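Colleague: One structure follows; several queries about it will come next.
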2 protein chains.
Amino acid sequence: MPPRKKNQTVRAATLADVGRAAGVSAMAASAVLNGARTSSRISPETRKRILKAAARLAYRPNIAARALANRRMHALGVAAVIDASELNHYFLEVFNGILEAAARHEQNTTVFALHDWDHDIARLHGFCDGRIDGLVLLAPVFTRNKTVLPTHTPFVSIHANGAIPHVVNVESDEERGAFEMVRHLAALGHQRIMHIAGPAGLLGTTRRLRGYKQALSAAHLPFEPRLVITASFDSPSGRNAMRDWLRRHAGEPLPHAVFCVNDSVAVGCLEALAEVGLRVPEDISVAGFDDSLAARTTVPQLTTVRQPLRAMGQRAVELLLARIASDTAGPARAGKPVVFPVDVVSRASVGQPPVVGRLVPAQS
Amino acid sequence: MPPRKKNQTVRAATLADVGRAAGVSAMAASAVLNGARTSSRISPETRKRILKAAARLAYRPNIAARALANRRMHALGVAAVIDASELNHYFLEVFNGILEAAARHEQNTTVFALHDWDHDIARLHGFCDGRIDGLVLLAPVFTRNKTVLPTHTPFVSIHANGAIPHVVNVESDEERGAFEMVRHLAALGHQRIMHIAGPAGLLGTTRRLRGYKQALSAAHLPFEPRLVITASFDSPSGRNAMRDWLRRHAGEPLPHAVFCVNDSVAVGCLEALAEVGLRVPEDISVAGFDDSLAARTTVPQLTTVRQPLRAMGQRAVELLLARIASDTAGPARAGKPVVFPVDVVSRASVGQPPVVGRLVPAQS
DNA sequence: CTGAAAGCGCTTACAG
DNA sequence: CTGAAAGCGCTTACAG
């Protein structure tokens, strides 16, 4: 019986090994292989010898050692809550942007999954232990008065739910997005425009509601409080909210359109309308916000507001790298958020209002 | 004018700093703060002094230094192609599982985004430079004969498209999933069951097709080659494939059901059917595979095959950690893939076959 | 119970 | 053009 191949992990080659093999110092090898300093200081022949030895030994620089010597990990962190299935698409888009930008700048990306921002603040501190050079906070929601962030690490946030001291926030013009959408609906002739708002107290909810109100006023449409209802950010809550409203208002005039706080809620809204036999957009139009994956897979596809999530992720990384390079964890340009524009994306869920006003169907 | 607050990043405190502040050696501080070795070797009072000093200085261990000393980064890598929007949901689910398991074992997770497995093999080598202790290959597709993976790093793959030497693969029983789905359709009375297959040459395509054929045969249904068409894994290709087929077979008997290679293709199939006025599931049933996000947002929702993606991600991490602990990069249990069971998830897109056989509608 | 020493693998000055 | 030395911040033996 042949001896079993053990295939034990062999110690990886070091610069010293390479130097020895090439008959030079580890230093010379360093200059050639990882040389920040011009490797022109090494003679061409020596250089070739070193390169050959490195190839033969399959030399790979040890990142930890380099990081220790340089005091830079060339790694960025991303802290996010990503369990909630409803945020998946949001996370993925932004995350892709982050990865792209990080890769372009030869930075690693480490992901820290949180469950709850307030609760996990200690873990957040734990991440800032030299393994990353800076941290992107993805949609952080700190509700406590004074949340203390680690001081030795530069931060950038995306869609922060409120200003965080010393942290630049990357956000989109949600208020304008809501405004444009509702203006779009009004321009099509919709007059009774309903809004399914998000949970109270969140910045996104407030901004989108504000845009809705302003657009109504700009279109000289009355603001009717009973046309504003509340949901969470997920589709079941959207479905329930809409279902509920329909039940209570049977026999009354049907809204011409519903502007939902996000796409998931809009999906729930579509379901509730389908349940009572209302057709979208023939009987009633529905609009969302986010342009998530869901927006393109519903039937009909959702008219919605698109935020340039990928670009926002990229921008966050660039801001963060600038912050790291400038070596300040402090308020480089704090308080001045970077705001991205948004677009209305027209799809099939929004059409003309019906010529003959419809009523809310009686429930079975 | 007050002097501008510069807020320069101050050097983070080290063990030496803490030791000095507490009047002990760095070593004593190490034992108390990061102590693998019982910190009982430090007297309670000293211990308290050290803890207090550490808190005052906001001491954080430097991960790079620790990694260098330990030769272990406590970090895992995940290499994946994640741009393709169609893989998003797949990636997210698995990734969540990976993050959970990694966090449970106090491991970091670093993501390496690839564009193409064959092409990026050099970058893959580049990642294995001491920054991670092991690497999860997510759905790798190597098409070259001999792909050489780095030798000093343990690997685990998920859904590898073919065996990779020395790498344990975590996969699901796709063949059985396809079999069960088609058997389910046949049991409902569907006889003419169409299959929209994936691109040729991929393992997933082959396995699902094989399950389809076996189920037909088990149900004593004839295998009709013209009922098998090919698409990619995305919905536009699914739509086109179905559209095309309908166009060519106008006036012929309509299939009772369509089993699609994945949910995205099923979404495209739904669209093509809707275009010609066919109702799902009244006129024809449609089934997918994957139970992706799309499966729950279509109208009607998709009957599909669920793979336990999250659990598979977790398992991959556990296998990888075992491999790392055993300190072998070699074939610990190579060649023996870990196979997860799959389930048929019943939703509204599959119903009874129509009592009166329908014909493929003539195209406008 | 505690400390001085050596080493992890790399860099960056500083000498030749 | 090249090398010996010191240091990044932590650990792990080894002495007291």
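Lettering and numbering for the structure tokens are positional, with chains as A, B, ... in the shown order, residues counted from 1 in each chain, and ligands counted from 1 in the shown order.
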How would chain B read as a compact mmCIF listing (two decimals) with C-alpha atoms, in the first residue's frame once least-squares superposed on chain A using all paired C-alpha atoms?
Modeller:
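Contents of superposed-v5.txt, as written:
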```txt
# COMPACT_ATOMS: atom_id res chain seq x y z
CA MET B 1 -0.12 -0.08 -0.12
CA PRO B 2 1.36 3.27 -1.05
CA PRO B 3 1.91 5.67 1.81
CA ARG B 4 -1.02 8.06 2.19
CA LYS B 5 -0.28 11.42 0.72
CA LYS B 6 -0.58 13.81 3.60
CA ASN B 7 -0.31 17.03 1.66
CA GLN B 8 0.39 19.03 4.79
CA THR B 9 0.29 22.75 4.31
CA VAL B 10 3.86 23.79 3.82
CA ARG B 11 5.05 27.07 5.20
CA ALA B 12 4.65 29.70 2.53
CA ALA B 13 7.84 31.24 1.19
CA THR B 14 8.97 34.53 2.69
CA LEU B 15 11.09 37.31 1.33
CA ALA B 16 14.00 35.83 3.23
CA ASP B 17 13.46 32.51 1.46
CA VAL B 18 13.38 34.21 -1.89
CA GLY B 19 16.45 36.25 -1.07
CA ARG B 20 18.35 33.16 0.02
CA ALA B 21 17.35 31.29 -3.11
CA ALA B 22 18.50 34.16 -5.26
CA GLY B 23 21.64 34.80 -3.26
CA VAL B 24 20.60 38.29 -2.16
CA SER B 25 19.13 39.90 0.92
CA ALA B 26 15.44 39.82 1.81
CA MET B 27 15.55 43.54 1.32
CA ALA B 28 16.63 43.28 -2.28
CA ALA B 29 13.86 40.79 -2.87
CA SER B 30 11.44 43.20 -1.28
CA ALA B 31 12.54 46.00 -3.52
CA VAL B 32 12.00 43.92 -6.63
CA LEU B 33 8.82 42.10 -5.65
CA ASN B 34 6.85 44.62 -3.66
CA GLY B 35 8.94 47.60 -4.44
CA ALA B 36 7.36 50.88 -3.62
CA ARG B 37 10.78 52.29 -4.08
CA THR B 38 12.07 52.16 -7.61
CA SER B 39 13.36 48.73 -8.28
CA SER B 40 15.77 50.38 -10.68
CA ARG B 41 18.10 50.33 -7.75
CA ILE B 42 18.52 46.62 -8.39
CA SER B 43 20.61 45.54 -11.33
CA PRO B 44 18.71 43.85 -14.14
CA GLU B 45 20.45 40.52 -13.64
CA THR B 46 19.84 40.42 -9.90
CA ARG B 47 16.31 41.44 -10.58
CA LYS B 48 15.77 38.58 -12.97
CA ARG B 49 17.30 36.12 -10.51
CA ILE B 50 14.99 37.31 -7.76
CA LEU B 51 11.92 37.15 -9.96
CA LYS B 52 12.78 33.63 -10.99
CA ALA B 53 13.34 32.51 -7.40
CA ALA B 54 10.07 34.08 -6.35
CA ALA B 55 8.20 32.30 -9.10
CA ARG B 56 9.81 28.99 -8.24
CA LEU B 57 8.90 29.34 -4.56
CA ALA B 58 5.46 30.71 -5.41
CA TYR B 59 6.20 33.66 -3.22
CA ARG B 60 3.24 35.68 -1.96
CA PRO B 61 3.70 38.70 0.23
CA ASN B 62 2.24 38.28 3.68
CA ILE B 63 -0.40 40.91 4.00
CA ALA B 64 -0.42 40.91 7.77
CA ALA B 65 3.27 41.64 7.98
CA ARG B 66 3.01 44.31 5.38
CA ALA B 67 0.06 45.85 7.12
CA LEU B 68 1.90 45.89 10.39
CA ALA B 69 4.90 47.56 8.85
CA ASN B 70 2.84 50.08 6.89
CA ARG B 71 0.09 50.69 9.38
CA ARG B 72 -2.34 50.32 6.56
CA MET B 73 -4.42 47.25 5.82
CA HIS B 74 -5.66 48.27 2.41
CA ALA B 75 -8.97 47.02 3.58
CA LEU B 76 -12.28 48.73 4.03
CA GLY B 77 -15.17 47.54 6.12
CA VAL B 78 -18.85 47.64 5.35
CA ALA B 79 -21.21 47.47 8.29
CA ALA B 80 -24.80 46.70 7.42
CA VAL B 81 -27.93 44.95 8.51
CA ILE B 82 -28.52 42.48 5.73
CA ASP B 83 -30.82 39.81 7.12
CA ALA B 84 -34.00 41.66 6.32
CA SER B 85 -34.97 40.18 3.01
CA GLU B 86 -36.57 43.42 1.98
CA LEU B 87 -33.27 45.21 2.05
CA ASN B 88 -31.54 42.61 -0.03
CA HIS B 89 -31.71 44.36 -3.32
CA TYR B 90 -30.78 47.64 -1.77
CA PHE B 91 -27.78 46.09 -0.09
CA LEU B 92 -26.63 44.26 -3.18
CA GLU B 93 -26.67 47.26 -5.43
CA VAL B 94 -24.80 49.48 -3.02
CA PHE B 95 -22.45 46.68 -2.12
CA ASN B 96 -21.58 46.06 -5.72
CA GLY B 97 -20.66 49.69 -6.07
CA ILE B 98 -18.52 49.49 -2.98
CA LEU B 99 -16.75 46.36 -4.18
CA GLU B 100 -16.07 47.88 -7.57
CA ALA B 101 -14.60 51.05 -6.21
CA ALA B 102 -12.63 49.22 -3.55
CA ALA B 103 -11.20 46.82 -6.11
CA ARG B 104 -10.29 49.71 -8.38
CA HIS B 105 -8.27 51.19 -5.56
CA GLU B 106 -6.82 47.82 -4.60
CA GLN B 107 -8.64 47.69 -1.32
CA ASN B 108 -10.15 44.63 0.30
CA THR B 109 -13.68 44.71 1.51
CA THR B 110 -14.71 43.10 4.74
CA VAL B 111 -18.34 42.79 5.65
CA PHE B 112 -19.66 43.16 9.15
CA ALA B 113 -23.22 41.99 9.53
CA LEU B 114 -25.16 43.68 12.28
CA HIS B 115 -28.55 42.90 13.69
CA ASP B 116 -29.38 46.26 15.19
CA TRP B 117 -27.39 49.45 15.07
CA ASP B 118 -28.00 50.65 18.59
CA HIS B 119 -27.48 47.25 20.09
CA ASP B 120 -24.39 46.35 18.10
CA ILE B 121 -22.49 49.54 18.70
CA ALA B 122 -19.94 47.69 20.82
CA ARG B 123 -19.25 45.26 18.01
CA LEU B 124 -18.78 48.21 15.70
CA HIS B 125 -16.02 49.39 17.98
CA GLY B 126 -14.59 45.90 17.91
CA PHE B 127 -14.20 46.01 14.15
CA CYS B 128 -11.97 49.04 14.33
CA ASP B 129 -8.92 47.21 15.49
CA GLY B 130 -6.49 47.62 12.69
CA ARG B 131 -8.05 45.13 10.36
CA ILE B 132 -9.63 47.88 8.30
CA ASP B 133 -8.51 51.37 7.41
CA GLY B 134 -11.99 52.80 7.28
CA LEU B 135 -15.60 51.80 7.53
CA VAL B 136 -18.70 52.39 5.43
CA LEU B 137 -21.87 52.47 7.50
CA LEU B 138 -24.68 51.28 5.29
CA ALA B 139 -28.06 52.75 6.20
CA PRO B 140 -27.26 53.16 9.88
CA VAL B 141 -30.16 53.86 12.20
CA PHE B 142 -28.94 55.15 15.53
CA THR B 143 -31.81 56.17 17.73
CA ARG B 144 -30.00 56.94 20.95
CA ASN B 145 -29.08 60.51 21.62
CA LYS B 146 -25.38 60.17 21.85
CA THR B 147 -23.85 57.32 19.94
CA VAL B 148 -20.09 57.31 20.28
CA LEU B 149 -18.23 55.99 17.29
CA PRO B 150 -14.65 54.72 17.44
CA THR B 151 -12.20 57.58 17.17
CA HIS B 152 -9.24 56.08 15.36
CA THR B 153 -11.14 55.00 12.29
CA PRO B 154 -12.50 57.16 9.48
CA PHE B 155 -16.16 56.60 8.61
CA VAL B 156 -18.51 57.34 5.80
CA SER B 157 -22.21 56.59 5.91
CA ILE B 158 -24.76 55.91 3.23
CA HIS B 159 -28.38 56.80 3.83
CA ALA B 160 -27.81 57.47 7.48
CA ASN B 161 -30.99 58.03 9.38
CA GLY B 162 -29.91 61.38 10.75
CA ALA B 163 -26.60 63.18 10.95
CA ILE B 164 -23.72 61.41 12.65
CA PRO B 165 -21.03 63.71 14.04
CA HIS B 166 -17.84 63.74 11.99
CA VAL B 167 -19.28 61.38 9.39
CA VAL B 168 -20.04 62.39 5.82
CA ASN B 169 -23.28 60.92 4.59
CA VAL B 170 -24.00 59.82 1.05
CA GLU B 171 -27.68 60.12 0.31
CA SER B 172 -30.13 60.64 -2.49
CA ASP B 173 -32.64 63.36 -2.99
CA GLU B 174 -35.59 61.35 -1.74
CA GLU B 175 -37.80 64.34 -1.23
CA ARG B 176 -37.35 65.41 -4.79
CA GLY B 177 -37.93 61.83 -5.97
CA ALA B 178 -41.27 61.72 -4.20
CA PHE B 179 -42.07 65.17 -5.52
CA GLU B 180 -41.29 64.23 -9.10
CA MET B 181 -43.28 61.04 -8.92
CA VAL B 182 -46.38 62.70 -7.56
CA ARG B 183 -46.00 65.52 -10.00
CA HIS B 184 -45.79 62.93 -12.77
CA LEU B 185 -49.02 61.35 -11.53
CA ALA B 186 -50.75 64.69 -11.31
CA ALA B 187 -49.59 65.60 -14.80
CA LEU B 188 -51.25 62.44 -16.12
CA GLY B 189 -54.50 63.69 -14.66
CA HIS B 190 -54.60 61.76 -11.39
CA GLN B 191 -56.28 63.84 -8.73
CA ARG B 192 -56.99 61.60 -5.77
CA ILE B 193 -53.46 60.40 -5.08
CA MET B 194 -53.00 58.16 -2.09
CA HIS B 195 -49.71 57.69 -0.23
CA ILE B 196 -48.71 54.60 1.68
CA ALA B 197 -46.04 56.04 3.95
CA GLY B 198 -43.27 54.28 5.87
CA PRO B 199 -42.91 53.91 9.61
CA ALA B 200 -42.99 57.16 11.53
CA GLY B 201 -39.76 58.72 12.71
CA LEU B 202 -37.52 57.48 9.93
CA LEU B 203 -35.87 60.01 7.71
CA GLY B 204 -36.87 58.20 4.52
CA THR B 205 -40.50 58.26 5.56
CA THR B 206 -40.42 61.94 6.36
CA ARG B 207 -38.67 62.98 3.21
CA ARG B 208 -40.91 61.01 0.89
CA LEU B 209 -44.02 62.25 2.63
CA ARG B 210 -42.77 65.81 2.36
CA GLY B 211 -42.17 65.42 -1.38
CA TYR B 212 -45.68 64.02 -1.76
CA LYS B 213 -47.25 66.97 0.02
CA GLN B 214 -45.25 69.53 -1.89
CA ALA B 215 -46.17 68.01 -5.22
CA LEU B 216 -49.87 68.02 -4.30
CA SER B 217 -49.63 71.60 -3.37
CA ALA B 218 -47.69 72.47 -6.52
CA ALA B 219 -50.43 70.78 -8.56
CA HIS B 220 -53.13 72.60 -6.61
CA LEU B 221 -54.49 69.32 -5.30
CA PRO B 222 -55.84 69.20 -1.76
CA PHE B 223 -53.90 67.24 0.85
CA GLU B 224 -56.34 64.71 2.30
CA PRO B 225 -55.04 63.09 5.48
CA ARG B 226 -57.28 60.07 5.03
CA LEU B 227 -55.44 59.30 1.79
CA VAL B 228 -52.21 58.82 3.72
CA ILE B 229 -51.79 55.49 5.47
CA THR B 230 -48.81 53.87 7.12
CA ALA B 231 -46.95 50.62 6.52
CA SER B 232 -43.51 49.21 7.29
CA PHE B 233 -41.07 48.76 4.45
CA ASP B 234 -42.14 45.22 3.57
CA SER B 235 -44.82 43.92 1.25
CA PRO B 236 -47.03 42.11 3.76
CA SER B 237 -47.46 45.35 5.65
CA GLY B 238 -48.18 47.13 2.39
CA ARG B 239 -50.79 44.54 1.52
CA ASN B 240 -52.43 44.80 4.91
CA ALA B 241 -52.46 48.56 4.90
CA MET B 242 -54.10 48.70 1.48
CA ARG B 243 -56.52 45.88 2.25
CA ASP B 244 -57.57 47.63 5.39
CA TRP B 245 -58.13 50.92 3.69
CA LEU B 246 -60.21 49.32 0.94
CA ARG B 247 -62.34 47.55 3.51
CA ARG B 248 -63.08 50.71 5.42
CA HIS B 249 -63.83 52.80 2.38
CA ALA B 250 -66.02 50.44 0.37
CA GLY B 251 -68.44 52.33 -1.84
CA GLU B 252 -66.45 55.54 -1.74
CA PRO B 253 -64.60 56.93 -4.75
CA LEU B 254 -61.44 54.94 -5.51
CA PRO B 255 -58.16 56.88 -5.52
CA HIS B 256 -56.76 57.40 -8.98
CA ALA B 257 -53.28 56.41 -7.96
CA VAL B 258 -51.27 55.14 -5.01
CA PHE B 259 -47.74 56.33 -4.39
CA CYS B 260 -45.99 53.82 -2.11
CA VAL B 261 -43.02 54.57 0.12
CA ASN B 262 -41.06 51.80 -1.54
CA ASP B 263 -41.34 48.99 -4.05
CA SER B 264 -41.97 46.26 -1.52
CA VAL B 265 -44.95 48.12 -0.18
CA ALA B 266 -46.08 48.68 -3.76
CA VAL B 267 -45.94 44.93 -4.36
CA GLY B 268 -48.18 44.39 -1.35
CA CYS B 269 -50.48 47.10 -2.61
CA LEU B 270 -50.73 45.36 -6.00
CA GLU B 271 -51.69 42.16 -4.25
CA ALA B 272 -54.40 43.84 -2.20
CA LEU B 273 -55.84 45.46 -5.32
CA ALA B 274 -55.78 42.19 -7.23
CA GLU B 275 -57.65 40.50 -4.40
CA VAL B 276 -60.66 42.73 -4.92
CA GLY B 277 -60.51 42.53 -8.68
CA LEU B 278 -59.09 45.95 -9.40
CA ARG B 279 -56.90 46.16 -12.48
CA VAL B 280 -53.65 48.09 -12.55
CA PRO B 281 -53.29 50.53 -14.24
CA GLU B 282 -56.76 50.50 -15.86
CA ASP B 283 -58.66 51.07 -12.62
CA ILE B 284 -55.94 52.51 -10.47
CA SER B 285 -52.26 53.36 -10.90
CA VAL B 286 -49.55 52.27 -8.48
CA ALA B 287 -46.07 53.74 -8.06
CA GLY B 288 -43.15 52.62 -5.91
CA PHE B 289 -39.78 53.93 -4.84
CA ASP B 290 -36.28 52.39 -5.11
CA ASP B 291 -36.41 50.55 -8.43
CA SER B 292 -35.64 47.31 -6.67
CA LEU B 293 -35.59 43.93 -8.32
CA ALA B 294 -39.24 43.56 -7.37
CA ALA B 295 -40.11 46.55 -9.54
CA ARG B 296 -39.23 44.64 -12.66
CA THR B 297 -40.75 41.30 -11.78
CA THR B 298 -44.27 42.32 -10.87
CA VAL B 299 -47.05 42.23 -13.44
CA PRO B 300 -47.49 44.99 -14.39
CA GLN B 301 -43.97 46.24 -13.83
CA LEU B 302 -43.71 49.10 -11.40
CA THR B 303 -43.27 52.73 -12.17
CA THR B 304 -40.86 53.83 -9.48
CA VAL B 305 -38.11 56.21 -8.41
CA ARG B 306 -34.59 55.10 -9.06
CA GLN B 307 -31.69 56.00 -6.80
CA PRO B 308 -28.22 55.49 -8.26
CA LEU B 309 -27.31 52.99 -5.57
CA ARG B 310 -24.26 51.58 -7.24
CA ALA B 311 -22.79 54.99 -7.88
CA MET B 312 -23.53 55.93 -4.30
CA GLY B 313 -21.59 52.94 -3.06
CA GLN B 314 -18.67 53.88 -5.25
CA ARG B 315 -18.75 57.43 -4.07
CA ALA B 316 -18.77 56.39 -0.44
CA VAL B 317 -15.60 54.41 -1.00
CA GLU B 318 -13.91 57.31 -2.69
CA LEU B 319 -14.82 59.69 0.11
CA LEU B 320 -13.58 57.19 2.62
CA LEU B 321 -10.27 56.69 0.86
CA ALA B 322 -9.76 60.43 0.67
CA ARG B 323 -10.42 60.59 4.37
CA ILE B 324 -7.96 57.80 5.06
CA ALA B 325 -5.32 59.40 2.90
CA SER B 326 -5.71 62.72 4.65
CA ASP B 327 -5.20 60.84 7.88
CA THR B 328 -7.99 62.52 9.74
CA ALA B 329 -10.73 60.75 11.55
CA GLY B 330 -12.25 64.11 12.25
CA PRO B 331 -14.70 66.36 10.44
CA ALA B 332 -12.94 66.77 7.12
CA ARG B 333 -16.12 68.03 5.53
CA ALA B 334 -18.58 66.75 8.02
CA GLY B 335 -22.11 67.98 8.03
CA LYS B 336 -22.09 68.34 4.30
CA PRO B 337 -23.82 65.29 2.89
CA VAL B 338 -23.26 64.19 -0.68
CA VAL B 339 -26.63 64.11 -2.38
CA PHE B 340 -27.33 62.09 -5.51
CA PRO B 341 -30.16 62.91 -7.90
CA VAL B 342 -32.99 60.47 -8.51
CA ASP B 343 -35.15 59.60 -11.52
CA VAL B 344 -38.69 58.59 -12.18
CA VAL B 345 -38.70 55.30 -14.06
CA SER B 346 -41.87 54.82 -16.08
CA ARG B 347 -43.26 51.34 -16.38
CA ALA B 348 -46.71 49.82 -16.84
CA SER B 349 -48.20 50.20 -13.37
CA VAL B 350 -49.01 53.84 -13.95
CA GLY B 351 -51.39 54.86 -16.70
CA GLN B 352 -54.11 57.39 -17.34
CA PRO B 353 -56.81 57.77 -14.71
CA PRO B 354 -60.06 56.03 -15.70
CA VAL B 355 -62.48 58.26 -17.59
CA VAL B 356 -65.38 57.17 -15.44
CA GLY B 357 -64.56 57.48 -11.75
CA ARG B 358 -64.56 54.10 -10.01
CA LEU B 359 -65.74 53.23 -6.53
CA VAL B 360 -64.00 51.06 -3.99
CA PRO B 361 -65.55 47.61 -4.51
CA ALA B 362 -67.66 46.18 -1.71
CA GLN B 363 -65.88 43.38 0.12
CA SER B 364 -67.12 39.83 -0.13
```
Colleague: Would you return as a ChimeraX atom specification the members of segment 229-359 of chain A that DSSP assigns to alpha helix (DSSP H) on this structure's backbone?
Modeller: /A:235-248,263-275,293-297,309-326
Colleague: Mind listing the strand (DSSP E or B) residues of segment 147-256 of chain B, per DSSP on the backbone, as a short mmCIF file (atom, residue, chain, number, x, y, z; two decimals) with C-alpha atoms, in the first residue's frame?
Modeller:
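Final file, part08.cif:
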```cif
data_model
loop_
_atom_site.label_atom_id
_atom_site.label_comp_id
_atom_site.auth_asym_id
_atom_site.auth_seq_id
_atom_site.Cartn_x
_atom_site.Cartn_y
_atom_site.Cartn_z
CA PHE B 155 -10.69 25.84 -0.22
CA VAL B 156 -14.29 24.82 -0.20
CA SER B 157 -16.61 25.29 -3.14
CA ILE B 158 -20.35 25.69 -3.40
CA VAL B 168 -14.88 19.68 -1.20
CA ASN B 169 -17.99 20.85 -2.96
CA VAL B 170 -21.25 21.77 -1.28
CA GLU B 171 -24.13 21.17 -3.63
CA SER B 172 -27.81 20.38 -3.70
CA ILE B 193 -44.66 18.77 -19.95
CA MET B 194 -42.25 21.14 -21.58
CA HIS B 195 -38.76 21.91 -20.27
CA ILE B 196 -36.88 25.14 -20.84
CA ALA B 197 -33.34 23.99 -20.18
CA VAL B 228 -37.24 20.74 -24.68
CA ILE B 229 -35.87 24.15 -25.59
CA THR B 230 -32.84 26.05 -24.42
CA PRO B 253 -51.76 21.40 -28.83
#
```
Colleague: Mind dumping a table of every chain D residue within 7 Å of chain A, with the nearest atom pair and its distance in Å to one decimal, using only C-alpha atoms (C1' of nucleotides), sorted by chain and rising number, as JSON lines?
Modeller:
```
{"residue": "D:DC1", "atom": "C1'", "partner": "A:Arg41", "partner_atom": "CA", "distance": 5.6}
{"residue": "D:DG3", "atom": "C1'", "partner": "A:Ser25", "partner_atom": "CA", "distance": 6.6}
{"residue": "D:DC8", "atom": "C1'", "partner": "A:Ala69", "partner_atom": "CA", "distance": 4.4}
```
Colleague: Please save C-alpha atoms (C1' of nucleotides) of the selected residues as a PDB file, in the first residue's frame.
Modeller:
```pdb
ATOM      1  C1'  DC D   1      23.596  49.193  -6.497  1.00  0.00           C
ATOM      2  C1'  DG D   3      22.929  44.986   3.055  1.00  0.00           C
ATOM      3  C1'  DC D   8       5.376  47.713  13.247  1.00  0.00           C
TER       4       DC D   8
END
```
Colleague: Can you work out the spacing between atom C1' of DA5 of chain D and atom C1' of DA13 of chain C in Å, to one decimal?
Modeller: 9.8 Å
Colleague: Report, in Å with one decimal, the straight-line distance from atom C1' of DT2 of chain D to atom C1' of DG16 of chain C.
Modeller: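 Those two atoms sit 8.6 Å apart.
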